file entry20.txt (compact mmCIF, C-alpha atoms)
# COMPACT_ATOMS: atom_id res chain seq x y z
CA MET A 26 47.91 14.69 -7.86
CA THR A 27 49.98 11.49 -7.95
CA LEU A 28 49.30 8.58 -10.29
CA ALA A 29 48.66 6.27 -7.32
CA PHE A 30 46.06 8.67 -5.90
CA ALA A 31 44.28 9.03 -9.25
CA SER A 32 44.33 5.26 -9.71
CA GLU A 33 42.74 4.74 -6.30
CA TRP A 34 39.86 7.08 -7.15
CA LEU A 35 39.30 5.46 -10.54
CA ASN A 36 39.32 2.09 -8.81
CA LEU A 37 36.77 3.26 -6.25
CA ALA A 38 34.51 4.90 -8.84
CA PHE A 39 34.43 1.90 -11.18
CA ARG A 40 34.05 -0.56 -8.30
CA TRP A 41 31.12 1.42 -6.92
CA ALA A 42 29.46 1.61 -10.33
CA HIS A 43 30.13 -2.08 -10.97
CA LEU A 44 28.52 -3.02 -7.67
CA ILE A 45 25.42 -0.90 -8.33
CA ALA A 46 24.96 -2.19 -11.89
CA GLY A 47 25.60 -5.77 -10.77
CA ILE A 48 22.96 -5.56 -8.06
CA GLY A 49 20.47 -4.33 -10.64
CA TRP A 50 21.33 -7.09 -13.13
CA ILE A 51 21.38 -9.93 -10.63
CA GLY A 52 18.20 -8.68 -8.98
CA THR A 53 16.25 -8.59 -12.23
CA SER A 54 17.70 -11.94 -13.33
CA PHE A 55 16.68 -13.66 -10.12
CA TYR A 56 13.31 -11.94 -10.10
CA PHE A 57 12.29 -12.87 -13.64
CA ILE A 58 13.39 -16.49 -13.30
CA ALA A 59 11.39 -16.72 -10.06
CA LEU A 60 8.44 -14.95 -11.70
CA ASP A 61 8.50 -17.24 -14.71
CA LEU A 62 8.58 -20.32 -12.49
CA SER A 63 5.76 -19.04 -10.28
CA LEU A 64 3.25 -18.29 -13.07
CA ARG A 65 0.04 -20.28 -12.81
CA LYS A 66 -2.83 -20.92 -15.21
CA ARG A 67 -6.07 -19.52 -13.76
CA GLU A 68 -9.67 -19.30 -14.84
CA GLY A 69 -10.70 -16.22 -16.75
CA MET A 70 -7.27 -15.37 -18.16
CA LYS A 71 -7.13 -13.01 -21.14
CA GLU A 72 -6.54 -14.33 -24.61
CA GLY A 73 -2.84 -14.95 -25.25
CA VAL A 74 -1.93 -15.02 -21.54
CA SER A 75 -0.08 -18.20 -20.60
CA GLY A 76 0.05 -17.64 -16.84
CA THR A 77 -0.38 -15.09 -14.09
CA ALA A 78 1.07 -14.38 -10.67
CA TRP A 79 -0.15 -12.36 -7.72
CA GLU A 80 2.58 -10.73 -5.67
CA VAL A 81 2.81 -8.47 -2.66
CA HIS A 82 5.65 -6.09 -1.87
CA GLY A 83 6.10 -2.79 -0.08
CA GLY A 84 2.49 -2.61 1.01
CA GLY A 85 1.11 -3.04 -2.52
CA PHE A 86 -0.35 -5.91 -4.56
CA TYR A 87 0.80 -6.68 -8.09
CA HIS A 88 -0.93 -8.78 -10.75
CA VAL A 89 1.52 -9.97 -13.43
CA GLU A 90 0.48 -11.58 -16.72
CA LYS A 91 2.77 -13.31 -19.19
CA TYR A 92 1.96 -13.27 -22.90
CA LEU A 93 3.53 -15.88 -25.11
CA VAL A 94 2.28 -13.91 -28.09
CA ALA A 95 2.63 -10.13 -27.98
CA PRO A 96 -0.72 -8.29 -27.90
CA LYS A 97 -1.73 -6.29 -30.96
CA GLU A 98 -0.56 -3.09 -29.35
CA LEU A 99 2.39 -2.41 -27.07
CA PRO A 100 2.93 0.79 -25.07
CA ASP A 101 5.65 3.24 -25.99
CA ASP A 102 7.14 2.85 -22.53
CA LEU A 103 7.79 -0.90 -22.84
CA ILE A 104 10.66 -1.67 -20.45
CA TRP A 105 13.66 -3.63 -21.69
CA TYR A 106 15.90 -5.02 -18.95
CA LYS A 107 19.27 -4.82 -20.64
CA TRP A 108 21.28 -1.83 -19.44
CA GLU A 109 21.94 -3.45 -16.06
CA ALA A 110 23.81 -6.25 -17.84
CA TYR A 111 25.63 -3.94 -20.24
CA LEU A 112 26.79 -1.55 -17.53
CA THR A 113 27.86 -4.39 -15.24
CA TRP A 114 30.24 -5.66 -17.91
CA VAL A 115 31.47 -2.20 -18.98
CA THR A 116 32.24 -1.11 -15.42
CA GLY A 117 33.72 -4.52 -14.62
CA PHE A 118 36.06 -4.38 -17.59
CA ALA A 119 37.03 -0.80 -16.70
CA LEU A 120 37.86 -2.01 -13.20
CA LEU A 121 39.89 -4.86 -14.66
CA VAL A 122 41.89 -2.33 -16.68
CA VAL A 123 42.49 0.01 -13.74
CA GLN A 124 43.23 -2.66 -11.15
CA TYR A 125 44.94 -5.39 -13.16
CA TYR A 126 46.19 -3.99 -16.48
CA PHE A 127 47.58 -0.71 -15.14
CA ASN A 128 49.13 -2.57 -12.18
CA ALA A 129 49.90 -5.84 -13.94
CA SER A 130 53.27 -6.33 -12.25
CA SER A 131 51.64 -6.17 -8.82
CA TYR A 132 48.28 -7.86 -9.31
CA LEU A 133 48.24 -9.87 -12.54
CA ILE A 134 51.75 -11.26 -12.96
CA ASP A 135 53.58 -13.67 -10.69
CA PRO A 136 57.07 -14.45 -12.07
CA SER A 137 57.11 -17.73 -10.15
CA VAL A 138 54.09 -18.84 -12.19
CA LEU A 139 55.01 -17.38 -15.58
CA ALA A 140 57.32 -14.51 -16.47
CA LEU A 141 55.25 -12.05 -18.52
CA THR A 142 55.44 -8.40 -19.44
CA PRO A 143 52.41 -6.25 -18.53
CA GLY A 144 51.53 -6.02 -22.22
CA GLU A 145 51.66 -9.78 -22.71
CA ALA A 146 49.53 -10.41 -19.63
CA SER A 147 46.91 -7.88 -20.73
CA LEU A 148 46.72 -9.31 -24.24
CA ILE A 149 46.31 -12.86 -22.91
CA SER A 150 43.55 -11.58 -20.66
CA MET A 151 41.58 -9.89 -23.45
CA PHE A 152 42.09 -12.75 -25.91
CA SER A 153 40.91 -15.35 -23.38
CA LEU A 154 37.68 -13.45 -22.66
CA GLY A 155 36.85 -13.24 -26.35
CA ALA A 156 37.87 -16.82 -27.10
CA GLY A 157 35.81 -18.12 -24.19
CA TRP A 158 32.65 -16.51 -25.52
CA LEU A 159 33.23 -17.83 -29.07
CA ILE A 160 33.74 -21.41 -27.85
CA TYR A 161 30.73 -21.21 -25.56
CA ASP A 162 28.51 -19.79 -28.32
CA ARG A 163 29.61 -22.50 -30.77
CA LEU A 164 28.78 -25.18 -28.22
CA CYS A 165 25.30 -23.78 -27.65
CA ARG A 166 24.59 -23.56 -31.39
CA SER A 167 25.96 -27.03 -32.12
CA PRO A 168 24.00 -30.31 -31.76
CA ILE A 169 25.44 -30.49 -28.23
CA GLY A 170 23.28 -27.47 -27.38
CA ARG A 171 20.13 -29.57 -27.81
CA ASN A 172 21.24 -32.03 -25.13
CA VAL A 173 20.92 -30.22 -21.78
CA PRO A 174 23.00 -32.62 -19.60
CA LEU A 175 25.76 -32.92 -22.21
CA LEU A 176 25.86 -29.16 -22.74
CA ALA A 177 26.09 -28.60 -18.96
CA ILE A 178 29.06 -30.97 -18.75
CA CYS A 179 30.76 -29.22 -21.68
CA LEU A 180 30.23 -25.78 -20.15
CA VAL A 181 31.68 -26.85 -16.81
CA ALA A 182 34.63 -28.39 -18.66
CA LEU A 183 35.09 -25.15 -20.61
CA ILE A 184 35.18 -23.03 -17.45
CA LEU A 185 37.52 -25.44 -15.68
CA GLY A 186 39.81 -25.63 -18.70
CA PHE A 187 40.23 -21.87 -18.78
CA SER A 188 40.53 -21.83 -14.97
CA TYR A 189 43.44 -24.26 -15.19
CA MET A 190 45.04 -22.07 -17.84
CA PHE A 191 44.57 -18.91 -15.76
CA THR A 192 46.16 -20.50 -12.67
CA ASN A 193 49.20 -21.43 -14.76
CA VAL A 194 49.55 -18.02 -16.39
CA PHE A 195 48.52 -15.35 -13.88
CA SER A 196 48.99 -14.73 -10.17
CA GLY A 197 46.51 -16.45 -7.89
CA ARG A 198 44.54 -13.26 -7.45
CA GLY A 199 44.66 -12.55 -11.18
CA ALA A 200 43.59 -16.10 -12.02
CA PHE A 201 40.44 -16.07 -9.88
CA ILE A 202 39.34 -12.63 -11.00
CA HIS A 203 39.76 -13.80 -14.59
CA VAL A 204 37.54 -16.81 -13.98
CA GLY A 205 34.92 -14.31 -12.81
CA ALA A 206 35.53 -12.04 -15.80
CA PHE A 207 35.42 -15.03 -18.15
CA VAL A 208 32.04 -16.20 -16.86
CA GLY A 209 30.75 -12.63 -16.55
CA THR A 210 31.64 -11.95 -20.19
CA ILE A 211 29.68 -15.01 -21.30
CA MET A 212 26.70 -13.83 -19.27
CA ALA A 213 26.81 -10.24 -20.53
CA VAL A 214 27.25 -11.19 -24.19
CA ASN A 215 24.36 -13.63 -23.78
CA VAL A 216 22.19 -10.61 -23.05
CA PHE A 217 23.77 -8.27 -25.60
CA GLY A 218 24.30 -10.73 -28.44
CA VAL A 219 21.48 -13.26 -28.07
CA ILE A 220 18.67 -12.57 -25.61
CA ILE A 221 17.85 -8.95 -26.48
CA PRO A 222 18.36 -9.23 -30.28
CA ASN A 223 16.21 -12.37 -30.42
CA GLN A 224 13.50 -10.75 -28.33
CA LYS A 225 13.45 -7.73 -30.64
CA LYS A 226 13.11 -9.99 -33.68
CA ILE A 227 10.23 -11.88 -32.05
CA THR A 228 8.47 -8.64 -31.10
CA ALA A 229 8.87 -7.20 -34.59
CA SER A 230 7.42 -10.36 -36.18
CA LEU A 231 4.44 -10.44 -33.84
CA LEU A 232 3.59 -6.78 -34.41
CA LYS A 233 3.65 -7.43 -38.17
CA GLY A 234 1.23 -10.33 -37.71
CA GLU A 235 3.90 -12.86 -38.68
CA ALA A 236 4.73 -16.08 -36.87
CA PRO A 237 8.07 -15.65 -35.10
CA ASP A 238 10.82 -18.22 -35.36
CA PRO A 239 10.38 -20.44 -32.25
CA ALA A 240 14.13 -21.12 -32.26
CA LEU A 241 14.77 -17.50 -31.30
CA GLY A 242 12.75 -17.81 -28.11
CA ALA A 243 14.25 -21.18 -27.24
CA MET A 244 17.77 -19.83 -27.68
CA GLY A 245 17.05 -16.78 -25.54
CA LYS A 246 15.54 -18.95 -22.82
CA GLN A 247 18.55 -21.27 -22.89
CA ARG A 248 21.01 -18.40 -22.41
CA SER A 249 18.87 -16.84 -19.68
CA VAL A 250 18.88 -20.11 -17.72
CA HIS A 251 22.66 -20.37 -18.11
CA ASN A 252 23.04 -16.86 -16.71
CA ASN A 253 20.82 -17.75 -13.80
CA TYR A 254 22.90 -20.78 -12.79
CA LEU A 255 26.22 -18.99 -13.26
CA THR A 256 25.35 -15.97 -11.12
CA ILE A 257 26.13 -17.41 -7.68
CA PRO A 258 29.54 -18.82 -8.68
CA VAL A 259 30.58 -15.63 -10.49
CA LEU A 260 29.73 -13.53 -7.43
CA LEU A 261 32.20 -15.48 -5.33
CA MET A 262 34.87 -15.24 -8.02
CA MET A 263 34.49 -11.47 -8.03
CA VAL A 264 35.17 -11.15 -4.29
CA SER A 265 37.80 -13.91 -4.20
CA ASN A 266 40.71 -11.45 -4.03
CA HIS A 267 39.73 -10.81 -0.42
CA TYR A 268 40.34 -14.48 0.46
CA PRO A 269 43.94 -15.69 -0.02
CA MET A 270 42.90 -19.19 1.08
CA LEU A 271 41.22 -19.36 -2.35
CA THR A 272 43.51 -17.31 -4.57
CA GLY A 273 46.70 -18.63 -2.99
CA HIS A 274 45.80 -22.30 -3.24
CA PRO A 275 48.16 -24.32 -5.47
CA HIS A 276 45.17 -26.08 -7.05
CA GLY A 277 42.87 -23.12 -7.46
CA TRP A 278 41.09 -24.57 -10.49
CA MET A 279 39.83 -27.43 -8.29
CA LEU A 280 38.32 -24.88 -5.92
CA VAL A 281 36.63 -23.31 -8.95
CA ALA A 282 35.05 -26.71 -9.66
CA LEU A 283 33.70 -26.87 -6.11
CA ILE A 284 32.40 -23.30 -6.32
CA LEU A 285 30.53 -24.16 -9.53
CA LEU A 286 29.07 -27.23 -7.84
CA ILE A 287 28.00 -25.38 -4.69
CA GLY A 288 26.54 -22.39 -6.53
CA GLY A 289 24.77 -24.51 -9.12
CA MET A 290 23.15 -26.76 -6.54
CA VAL A 291 21.95 -23.85 -4.40
CA ARG A 292 20.53 -22.08 -7.46
CA HIS A 293 18.78 -25.30 -8.57
CA PHE A 294 17.25 -25.68 -5.11
CA PHE A 295 15.70 -22.22 -5.24
CA ASN A 296 14.58 -22.61 -8.84
CA ARG A 297 12.73 -25.84 -8.14
CA HIS A 298 11.26 -24.43 -4.95
CA GLU A 299 9.97 -21.35 -6.80
CA ALA A 300 8.54 -23.62 -9.51
CA GLY A 301 6.45 -25.36 -6.85
CA ASP A 302 8.05 -28.79 -7.26
CA SER A 303 7.63 -31.35 -4.52
CA PHE A 304 10.51 -31.17 -2.03
CA ASP A 305 11.32 -34.86 -2.49
CA ARG A 306 12.34 -34.07 -6.08
CA PHE A 307 15.11 -31.62 -5.25
CA TRP A 308 16.08 -32.14 -1.59
CA TRP A 309 19.35 -33.77 -2.68
CA THR A 310 20.75 -30.46 -3.99
CA LEU A 311 21.51 -29.08 -0.51
CA PRO A 312 23.49 -32.14 0.71
CA VAL A 313 25.51 -32.03 -2.52
CA ALA A 314 26.21 -28.32 -1.97
CA ALA A 315 27.15 -29.02 1.65
CA ALA A 316 29.53 -31.79 0.55
CA GLY A 317 31.16 -29.37 -1.87
CA MET A 318 31.57 -26.80 0.89
CA ILE A 319 33.13 -29.36 3.24
CA ALA A 320 35.55 -30.42 0.50
CA ALA A 321 36.54 -26.77 -0.08
CA ILE A 322 37.12 -26.24 3.66
CA ILE A 323 39.30 -29.35 3.85
CA MET A 324 41.30 -28.27 0.79
CA THR A 325 41.98 -24.81 2.24
CA ALA A 326 42.76 -25.93 5.81
CA PRO A 327 45.89 -24.13 7.14
CA ARG A 328 49.18 -25.90 7.75
CA ASP A 329 50.62 -26.41 11.23
CA TYR A 330 54.01 -24.72 11.85
CA SER A 331 54.33 -25.64 15.53
CA SER A 332 56.93 -28.34 14.88
CA ALA A 333 59.43 -25.93 13.29
CA GLY A 334 62.46 -24.77 15.22
CA ALA A 335 62.80 -21.49 17.11
CA VAL A 336 63.06 -18.33 15.00
CA ALA A 337 64.64 -15.14 16.33
CA ASP A 338 62.85 -11.78 16.22
CA THR A 339 65.69 -10.38 14.14
CA THR A 340 65.11 -13.03 11.46
CA ALA A 341 61.38 -12.28 11.29
CA ILE A 342 61.86 -8.51 11.05
CA GLN A 343 64.50 -8.94 8.36
CA ILE A 344 62.07 -10.98 6.25
CA ALA A 345 59.37 -8.35 6.76
CA ARG A 346 61.66 -5.46 5.85
CA THR A 347 62.77 -7.27 2.70
CA HIS A 348 59.36 -8.33 1.45
CA CYS A 349 56.69 -6.26 3.23
CA ALA A 350 57.94 -2.82 4.19
CA ALA A 351 58.07 -1.39 0.67
CA CYS A 352 54.27 -1.11 0.86
CA HIS A 353 53.49 -1.49 4.56
CA ALA A 354 55.44 1.46 5.95
CA ALA A 355 54.84 4.97 7.18
CA ALA A 356 56.40 6.17 3.92
CA PRO A 357 55.93 3.40 1.28
CA THR A 358 58.60 3.18 -1.40
CA HIS A 359 56.41 1.14 -3.76
CA GLU A 360 55.25 3.27 -6.68
CA SER A 361 51.63 2.07 -6.45
CA PHE A 362 51.01 3.33 -2.92
CA ASP A 363 51.02 6.76 -1.30
CA ALA A 364 50.03 5.23 2.05
CA ALA A 365 50.29 1.76 3.55
CA PRO A 366 47.43 -0.52 2.40
CA LYS A 367 44.77 -0.71 5.12
CA ASN A 368 47.13 1.48 7.18
CA ILE A 369 49.08 -1.63 8.23
CA HIS A 370 52.75 -0.94 9.02
CA LEU A 371 55.23 -3.84 9.24
CA GLU A 372 58.48 -2.17 10.16
CA THR A 373 58.98 -3.26 13.79
CA VAL A 374 58.69 -6.47 15.81
CA GLY A 375 55.74 -4.97 17.67
CA GLU A 376 53.90 -4.30 14.43
CA LEU A 377 54.61 -7.83 13.22
CA LYS A 378 53.09 -9.22 16.41
CA ARG A 379 50.08 -6.92 16.14
CA TYR A 380 49.25 -8.07 12.62
CA ALA A 381 50.51 -11.65 12.99
CA ASP A 382 47.20 -13.27 12.06
CA GLN A 383 46.87 -11.23 8.86
CA ILE A 384 50.48 -11.97 7.93
CA MET A 385 49.89 -15.67 8.47
CA VAL A 386 46.90 -15.64 6.11
CA GLN A 387 48.35 -13.35 3.44
CA ALA A 388 52.04 -14.26 3.29
CA VAL A 389 52.52 -17.65 4.96
CA GLN A 390 49.52 -19.84 4.22
CA SER A 391 49.21 -18.26 0.77
CA ASP A 392 51.37 -16.26 -1.60
CA ALA A 393 48.92 -13.36 -1.88
CA MET A 394 51.59 -11.09 -0.45
CA PRO A 395 53.90 -9.59 -1.53
CA LEU A 396 51.77 -8.49 -4.50
CA GLY A 397 52.77 -10.52 -7.53
CA ASN A 398 55.66 -11.78 -5.38
CA GLU A 399 57.65 -8.87 -6.81
CA THR A 400 60.35 -9.27 -4.16
CA GLY A 401 60.78 -13.00 -4.80
CA MET A 402 59.79 -14.24 -1.34
CA THR A 403 60.73 -17.92 -1.10
CA GLN A 404 58.74 -20.76 0.39
CA ASP A 405 61.44 -21.22 3.04
CA GLU A 406 61.02 -17.57 4.09
CA ARG A 407 57.26 -18.01 4.33
CA GLU A 408 57.63 -21.09 6.49
CA THR A 409 60.21 -19.36 8.70
CA LEU A 410 57.83 -16.45 9.19
CA GLY A 411 55.01 -18.91 9.92
CA ALA A 412 57.14 -20.63 12.58
CA TRP A 413 57.93 -17.26 14.21
CA ILE A 414 54.22 -16.30 14.29
CA THR A 415 53.33 -19.67 15.80
CA GLN A 416 55.87 -19.03 18.60
CA GLN A 417 53.97 -15.87 19.55
CA LYS A 418 50.78 -17.77 20.39

call {"tool": "encode", "arguments": {"input": "entry20.txt", "output": "structure tokens"}}
result
Amino acid sequence: MTLAFASEWLNLAFRWAHLIAGIGWIGTSFYFIALDLSLRKREGMKEGVSGTAWEVHGGGFYHVEKYLVAPKELPDDLIWYKWEAYLTWVTGFALLVVQYYFNASSYLIDPSVLALTPGEASLISMFSLGAGWLIYDRLCRSPIGRNVPLLAICLVALILGFSYMFTNVFSGRGAFIHVGAFVGTIMAVNVFGVIIPNQKKITASLLKGEAPDPALGAMGKQRSVHNNYLTIPVLLMMVSNHYPMLTGHPHGWMLVALILLIGGMVRHFFNRHEAGDSFDRFWWTLPVAAAGMIAAIIMTAPRDYSSAGAVADTTAIQIARTHCAACHAAAPTHESFDAAPKNIHLETVGELKRYADQIMVQAVQSDAMPLGNETGMTQDERETLGAWITQQK
């Protein structure tokens, strides 16, 4: 068994587990925010119940009651929604290790951005995730945390500040995945370090007949709302490595800003809708999200290479053999691959023509390929290849 083969299976296993755990976490997060917003006061509610909701799903009807104060007795099988969050982060970090730390030279480091050793890149990665959480937590616990608009501005600035740092330290692909990991770490530690511990303290106090500290509930609610608004942006960050128009953009941190805007506005629209607010109070969120999307499309619009001079087939194939064929060949010579990625071979003029559109996206309009620009492909070579592809149209 080769190292590359074992790495592929570890990658697949952790990615699969990460996806499953993430679906569970996001699903419960969205559900409970929607449930909380849909609760209504009704006649005849039990003592201690602050609101109820009637729901229908899968052919059955459900009656949900929310207690602000825990009843005198709680069942032994009380369900705590926490493992979905924990496992999402654990599997995500394991995937980060397998995909980006073990293959740092290919996926995490771009010498044209910053020359790093794999060890240096990995340490910067781990330190940034921890530092991000500490700064975020301090902001929430400071007087700023009691001012919702100001805290929101500070959190966006925090994410964009680290995004700018990532884009000037890592490869484009590595930078975007680290924005996702950065935000995902904040969300997971919110659950592990604040929401669940505070809820356990509140429950313990109530069962002892003591008045719980209201600050514990307020803090947990604050972090839960943050997680809710960050979910949509972090999902896009996590799949960004499939879209070189994002990861290969020279101003990637500005795209992160637009993604935060779009995701936040869409989430706010659904939250206010589920809360039963009048449409005229939140209609503006969708035009703002649409404006953000249009701005992102304009920013990522491809360049036109039609005005360049004629490029010979021999020039194009020489560029491909120098920068592409180590991986995309019948017998790859790159140590990370036993077979050509996606079974794409780029060793002949015919193969270049067949995959011209993919080459244009991956290696001309962005620097996603070669991985980590290990072969030192220049901008002139990319533009020459782009001109040759344009001639084939």

call {"tool": "residues_near_point", "arguments": {"input": "entry20.txt", "point": "(-3.1, -20.2, -18.7)", "cutoff": "12 Å", "atoms": "only C-alpha atoms", "output": "PyMOL selection string"}}
result
chain A and resi 64-78+90-93

call {"tool": "closest_residue", "arguments": {"input": "entry20.txt", "among": "A:Ala341, A:Ala350, A:Val115, A:Ile322", "to": "Ala213 in chain A", "atoms": "all atoms listed in the file"}}
result
A:Val115

call {"tool": "atom_distance", "arguments": {"input": "entry20.txt", "atom1": "CA of Leu37 in chain A", "atom2": "CA of Pro143 in chain A"}}
result
22.0 Å

call {"tool": "closest_residue", "arguments": {"input": "entry20.txt", "among": "A:Asn36, A:Asn252, A:Gln387, A:Ser331", "to": "Arg292 in chain A", "atoms": "only C-alpha atoms"}}
result
A:Asn252

call {"tool": "atom_distance", "arguments": {"input": "entry20.txt", "atom1": "CA of Gly47 in chain A", "atom2": "CA of Trp114 in chain A"}}
result
8.5 Å

call {"tool": "atom_distance", "arguments": {"input": "entry20.txt", "atom1": "CA of Arg306 in chain A", "atom2": "CA of Gly289 in chain A"}}
result
16.0 Å

call {"tool": "closest_atom_pairs", "arguments": {"input": "entry20.txt", "of": "range 207-283 of chain A", "to": "range 150-153 of chain A", "cutoff": "12 Å", "atoms": "all atoms listed in the file", "output": "tab-separated table"}}
result
residue	atom	partner	partner_atom	distance
A:Phe207	CA	A:Ser153	CA	7.6
A:Val208	CA	A:Ser153	CA	11.0
A:Thr210	CA	A:Ser153	CA	10.4
A:Ile211	CA	A:Ser153	CA	11.4

call {"tool": "axis_aligned_box", "arguments": {"input": "entry20.txt", "around": "range 369-384 of chain A", "padding_each_side": "3 Å", "output": "AutoDock Vina command-line options"}}
result
--center_x 52.9 --center_y -7.1 --center_z 12.8 --size_x 18.1 --size_y 18.3 --size_z 15.7

call {"tool": "residues_around", "arguments": {"input": "entry20.txt", "residues": "range 275-285 of chain A", "least_positions_apart": "4", "cutoff": "7 Å", "atoms": "all atoms listed in the file", "output": "list in words"}}
result
Leu185, Ser188, Tyr189, Thr192, Pro258, Leu271, Gly289, Gly317 and Ala321 of chain A

call {"tool": "residues_around", "arguments": {"input": "entry20.txt", "residues": "Trp413 in chain A", "least_positions_apart": "3", "cutoff": "7 Å", "atoms": "only C-alpha atoms", "output": "list in words"}}
result
Val336, Ala341, Thr409, Leu410, Gln416 and Gln417 of chain A

call {"tool": "residues_near_point", "arguments": {"input": "entry20.txt", "point": "(59.6, -7.8, 16.2)", "cutoff": "7 Å", "atoms": "all atoms listed in the file", "output": "PyMOL selection string"}}
result
chain A and resi 338-339+341-342+373-378

call {"tool": "write_last_selection", "arguments": {"input": "entry20.txt", "atoms": "C-alpha atoms", "output": "PDB file, in the coordinates of the input"}}
result
ATOM      1  CA  ASP A 338      62.850 -11.780  16.220  1.00  0.00           C
ATOM      2  CA  THR A 339      65.690 -10.380  14.140  1.00  0.00           C
ATOM      3  CA  ALA A 341      61.380 -12.280  11.290  1.00  0.00           C
ATOM      4  CA  ILE A 342      61.860  -8.510  11.050  1.00  0.00           C
ATOM      5  CA  THR A 373      58.980  -3.260  13.790  1.00  0.00           C
ATOM      6  CA  VAL A 374      58.690  -6.470  15.810  1.00  0.00           C
ATOM      7  CA  GLY A 375      55.740  -4.970  17.670  1.00  0.00           C
ATOM      8  CA  GLU A 376      53.900  -4.300  14.430  1.00  0.00           C
ATOM      9  CA  LEU A 377      54.610  -7.830  13.220  1.00  0.00           C
ATOM     10  CA  LYS A 378      53.090  -9.220  16.410  1.00  0.00           C
TER      11      LYS A 378
END

call {"tool": "closest_residue", "arguments": {"input": "entry20.txt", "among": "A:Cys179, A:Phe55, A:Asp302, A:Thr340", "to": "Ser167 in chain A", "atoms": "only C-alpha atoms"}}
result
A:Cys179

call {"tool": "closest_residue", "arguments": {"input": "entry20.txt", "among": "A:Phe362, A:Trp79, A:Tyr254, A:Trp105", "to": "Leu396 in chain A", "atoms": "only C-alpha atoms"}}
result
A:Phe362

call {"tool": "closest_residue", "arguments": {"input": "entry20.txt", "among": "A:Tyr126, A:Trp34, A:Tyr106, A:Tyr161", "to": "His251 in chain A", "atoms": "all atoms listed in the file"}}
result
A:Tyr161
